[in-house]
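Below is one structure; the comments refer to it alone.
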Number of protein chains: 2
Amino acid sequence: MSDRSYSISELAAEFGVSTRTIRFYEEKGYLSPRREGQRRVYSAADRARIRLILRGKRIGLSLAESVEIIDLYHSHGSDAEQRSLLLEKIEERRQTLKQQQRDLRAMLGALDEVEALCRDATGQTGPETATLAGANKQQTQG
Amino acid sequence: MSDRSYSISELAAEFGVSTRTIRFYEEKGYLSPRREGQRRVYSAADRARIRLILRGKRIGLSLAESVEIIDLYHSHGSDAEQRSLLLEKIEERRQTLKQQQRDLRAMLGALDEVEALCRDATGQTGPETATLAGANKQQTQG
DNA sequence: TGCCATGTTTACGTTAACGTAAAGGTAATG
DNA sequence: CATTACCTTTACGTTAACGTAAACATGGCA
């Protein structure tokens with residue numbers, strides 16, 4: 001509940017993005033900090049919103065998608081019709097997130113395997129133990 | 001171990017992408033199917049590679065990143081220097097994947113919460129129960 | 001008072017990952 | 001043999017998500 005406020009470069013530094021990025025989000029309507037004179041001043045809520053947007057980015061959502069989900073948090077004040085539509089969207093989103101979890105687990109498992117193969121290769125010969133694929137060995141890739 | 005082969009539209013249909021997409025991957029050097037006359041003919045290995053690329057896409061990797069990882073599977077034939085560099089890359093990638101897992105769990109948990117709030121709202125009044133953020137209630141977003 | 005850090009707006013540039021359209025080859029089929 | 005279905009290449013267009021640069025404002029400090 002700290003209601004201190006933040007400058008743009010402060011937030012940019014905190015989240016490891018450029019100030020341009022933060023202004024861009026505003027340009028697109030995803031953010032609207034208050035102004036003091038012409039300077040932008042960000043509240044704790046603005047800050048939380050940025051954090052959420054970036055979290056969305058990290059799992060491959062577009063900004064629009066992130067914001068859509070984030071706004072689900074605020075929309076539960078409407079009527080029953082609205083609400084069921086919302087539940088629908090939630091379910092839909094949940095499905096793709098679950099798929100991502102599966103993909104992630106597969107990737108991590110695969111990395112573990114490669115690592116094991118790597119570490120075990122303390123003098124081995126066996127090259128043809130490939131677990132996954134064997135197409136397209138290329139070397140130069142401009 | 002089925003070594004049947006596939007046409008481009010066959011694979012496109014199977015994976016739910018356009019033929020342009022598959023040709024694009026080849027254009028970029030990520031794929032190189034054999035030819036029969038001028039037609040592209042895809043092997044089971046080509047098919048597996050496409051599957052992996054798309055899996056990478058689903059978790060937010062760029063094509064280049066996906067391919068880099070995929071090629072880790074094939075590279076474990078080299079010397080010790082190569083191998084340790086590879087392990088480094090694996091560890092790096094594992095970190096970002098783990099971060100994604102955390103982000104995903106957070107998102108899913110959040111969706112569960114919203115859903116519960118939604119379902120419980122069978123006549124409630126409480127609006128100020130917000131768990132996450134409260135900034136920027138906007139309505140039109142062109 | 002002059003400079004410097006930090007901010008602002010405006011606007012054009014860039015990259016990835018395809019979409020889309022045009023113009024044509026080829027094999028089977030009615 | 002013309003049509004249809006599927007393929008090909010070439011090439012320009014598009015969108016998202018910023019990068020980059022120019023030109024200007026402003027508060028604080030030596």
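Scheme for the structure tokens: letters A, B, ... for chains in order shown; per-chain residue numbers from 1; ligand numbers from 1 in order shown.
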
Exercise: region 16-30 of chain C partners within 9 Å, only C-alpha atoms (C1' of nucleotides), chain neighbours under 4 positions left out, as a compact mmCIF listing (two decimals) with N, CA and C atoms (P, O5', C5', C4', C3', O3' and C1' of nucleotides), in the first residue's frame:
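Okay, this is what ended up in result11.txt:
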```txt
# COMPACT_ATOMS: atom_id res chain seq x y z
N ARG B 20 2.92 -21.11 -46.80
CA ARG B 20 3.86 -19.99 -46.81
C ARG B 20 4.79 -20.04 -45.60
N THR B 21 4.22 -20.36 -44.47
CA THR B 21 5.00 -20.46 -43.24
C THR B 21 6.11 -21.50 -43.38
N PHE B 24 8.66 -20.33 -45.71
CA PHE B 24 9.41 -19.27 -45.04
C PHE B 24 10.51 -19.85 -44.17
N SER B 62 11.73 -17.13 -30.40
CA SER B 62 11.82 -16.74 -31.79
C SER B 62 12.25 -17.96 -32.59
N LEU B 63 12.08 -17.91 -33.88
CA LEU B 63 12.51 -19.03 -34.70
C LEU B 63 13.99 -19.31 -34.51
P DT D 3 -11.15 -24.21 -70.05
O5' DT D 3 -11.40 -24.89 -68.64
C5' DT D 3 -12.26 -26.05 -68.58
C4' DT D 3 -11.98 -26.85 -67.33
C3' DT D 3 -11.67 -26.01 -66.07
O3' DT D 3 -12.52 -26.48 -65.03
C1' DT D 3 -10.07 -27.73 -66.33
P DT D 4 -12.79 -25.65 -63.72
O5' DT D 4 -12.04 -26.53 -62.62
C5' DT D 4 -12.14 -27.96 -62.70
C4' DT D 4 -11.10 -28.60 -61.79
C3' DT D 4 -10.71 -27.76 -60.57
O3' DT D 4 -10.89 -28.56 -59.41
C1' DT D 4 -8.78 -28.56 -61.70
P DC D 7 0.37 -29.38 -52.25
O5' DC D 7 1.47 -28.62 -53.13
C5' DC D 7 2.51 -29.36 -53.72
C4' DC D 7 3.09 -28.62 -54.90
C3' DC D 7 3.97 -27.42 -54.56
O3' DC D 7 5.26 -27.84 -54.15
C1' DC D 7 2.71 -27.10 -56.57
P DT D 8 6.19 -26.78 -53.48
O5' DT D 8 6.61 -25.78 -54.66
C5' DT D 8 7.44 -26.25 -55.72
C4' DT D 8 7.64 -25.15 -56.74
C3' DT D 8 8.22 -23.87 -56.19
O3' DT D 8 9.62 -23.96 -56.10
C1' DT D 8 6.48 -23.42 -57.78
P DT D 9 10.40 -22.94 -55.23
O5' DT D 9 10.41 -21.61 -56.12
C5' DT D 9 11.00 -21.60 -57.41
C4' DT D 9 10.79 -20.24 -58.06
C3' DT D 9 11.45 -19.09 -57.31
O3' DT D 9 12.25 -18.32 -58.21
C1' DT D 9 9.13 -18.64 -57.65
P DT D 10 13.21 -17.22 -57.59
O5' DT D 10 12.31 -15.91 -57.67
C5' DT D 10 11.57 -15.65 -58.86
C4' DT D 10 10.83 -14.33 -58.72
C3' DT D 10 11.53 -13.30 -57.84
O3' DT D 10 11.51 -12.04 -58.50
C1' DT D 10 9.33 -13.65 -57.08
P DC D 12 9.57 -5.73 -55.24
O5' DC D 12 8.37 -4.71 -54.96
C5' DC D 12 7.08 -4.94 -55.52
C4' DC D 12 6.05 -5.14 -54.42
C3' DC D 12 6.17 -4.14 -53.25
O3' DC D 12 4.92 -3.49 -53.09
C1' DC D 12 5.89 -6.33 -52.45
P DG D 13 4.64 -2.51 -51.85
O5' DG D 13 3.84 -3.45 -50.86
C5' DG D 13 2.64 -4.13 -51.30
C4' DG D 13 1.81 -4.53 -50.10
C3' DG D 13 1.77 -3.48 -49.00
O3' DG D 13 0.45 -3.50 -48.43
C1' DG D 13 2.79 -5.45 -48.15
P DT D 14 0.08 -2.61 -47.17
O5' DT D 14 0.37 -3.59 -45.95
C5' DT D 14 -0.32 -4.83 -45.86
C4' DT D 14 -0.19 -5.37 -44.45
C3' DT D 14 -0.20 -4.30 -43.36
O3' DT D 14 -1.06 -4.77 -42.33
C1' DT D 14 1.72 -5.66 -43.14
```

* **Residue list for chain C near chain A as a PyMOL selection string, 9 Å, only C-alpha atoms (C1' of nucleotides)** => chain C and resi 6-8

* **Test item: residues at most 10 Å from DT14 (chain C), only C-alpha atoms (C1' of nucleotides), excluding those fewer than 6 positions along its chain, as a PyMOL selection string** => chain D and resi 18-20

Residues of the last selection are to be written out with C-alpha atoms (C1' of nucleotides), as a PDB file, in the first residue's frame.
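So out.pdb came out as:
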```pdb
ATOM      1  C1'  DC D  18       9.769  -0.913 -30.056  1.00  0.00           C
ATOM      2  C1'  DG D  19      14.726   1.962 -31.572  1.00  0.00           C
ATOM      3  C1'  DT D  20      16.669   6.203 -32.715  1.00  0.00           C
TER       4       DT D  20
END
```

* Nearest to chain B among D:DC6, D:DC1, D:DC24, D:DC29, with distances taken over only C-alpha atoms (C1' of nucleotides): which residue is it? ->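 Under the stated criterion, the closest residue is D:DC6.
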
* Asked: Residues at most 10 Å from Ile70 (chain B), counting only C-alpha atoms (C1' of nucleotides), excluding those fewer than 3 positions away in the same chain, as a ChimeraX atom specification?
  -> /A:107,110-111,132-134 /B:49,52-53,56,64-67,73-75

For the residues in that selection, give me C-alpha atoms as a PDB file, in the first residue's frame.
```
ATOM      1  CA  MET A 107      11.606 -28.354 -23.459  1.00  0.00           C
ATOM      2  CA  ALA A 110      14.785 -32.216 -23.339  1.00  0.00           C
ATOM      3  CA  LEU A 111      17.434 -29.896 -22.005  1.00  0.00           C
ATOM      4  CA  LEU A 132      14.356 -36.231 -30.979  1.00  0.00           C
ATOM      5  CA  ALA A 133      15.175 -35.321 -34.512  1.00  0.00           C
ATOM      6  CA  GLY A 134      17.828 -35.727 -37.090  1.00  0.00           C
TER       7      GLY A 134
ATOM      8  CA  ARG B  49      11.801 -30.498 -36.865  1.00  0.00           C
ATOM      9  CA  LEU B  52       9.807 -28.677 -32.527  1.00  0.00           C
ATOM     10  CA  ILE B  53       9.966 -25.253 -34.095  1.00  0.00           C
ATOM     11  CA  GLY B  56       9.241 -23.311 -29.447  1.00  0.00           C
ATOM     12  CA  ALA B  64      16.207 -18.420 -34.347  1.00  0.00           C
ATOM     13  CA  GLU B  65      16.091 -19.396 -30.690  1.00  0.00           C
ATOM     14  CA  SER B  66      14.033 -22.476 -31.356  1.00  0.00           C
ATOM     15  CA  VAL B  67      16.441 -23.630 -33.992  1.00  0.00           C
ATOM     16  CA  TYR B  73      20.379 -32.024 -29.859  1.00  0.00           C
ATOM     17  CA  HIS B  74      22.676 -32.678 -32.760  1.00  0.00           C
ATOM     18  CA  SER B  75      25.792 -30.887 -31.646  1.00  0.00           C
TER      19      SER B  75
END
```

* To do: Could you please determine the separation between CA of Ala106 (chain B) and CA of Glu113 (chain A) in Å, to one decimal place?
  =>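 Distance reported for this atom pair: 27.2 Å.
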
* Asked: By how many Å are CA of Leu72 (chain A) and CA of Leu86 (chain A) apart?
  ->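 Going from CA of Leu72 (chain A) over to CA of Leu86 (chain A) covers 7.3 Å.
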
* What does the distance from CA of Leu11 (chain B) to C1' of DT15 (chain C) come to in Å, to one decimal? -> 27.3 Å

* **region 2-133 of chain A: residues DSSP assigns to strand (DSSP E or B), reported as a PyMOL selection string** => chain A and resi 6+34-36+39-42

* Excluding same-chain residues fewer than 6 positions from Asp103 (chain B), what lies within 8 Å of it counting only C-alpha atoms (C1' of nucleotides), as a PyMOL selection string? -> chain A and resi 55-56+58-59

* **Nearest to chain A, chosen from B:Val41, B:Leu85, B:Ala116, B:Ala48, with only C-alpha atoms counted in the distances** => B:Ala48
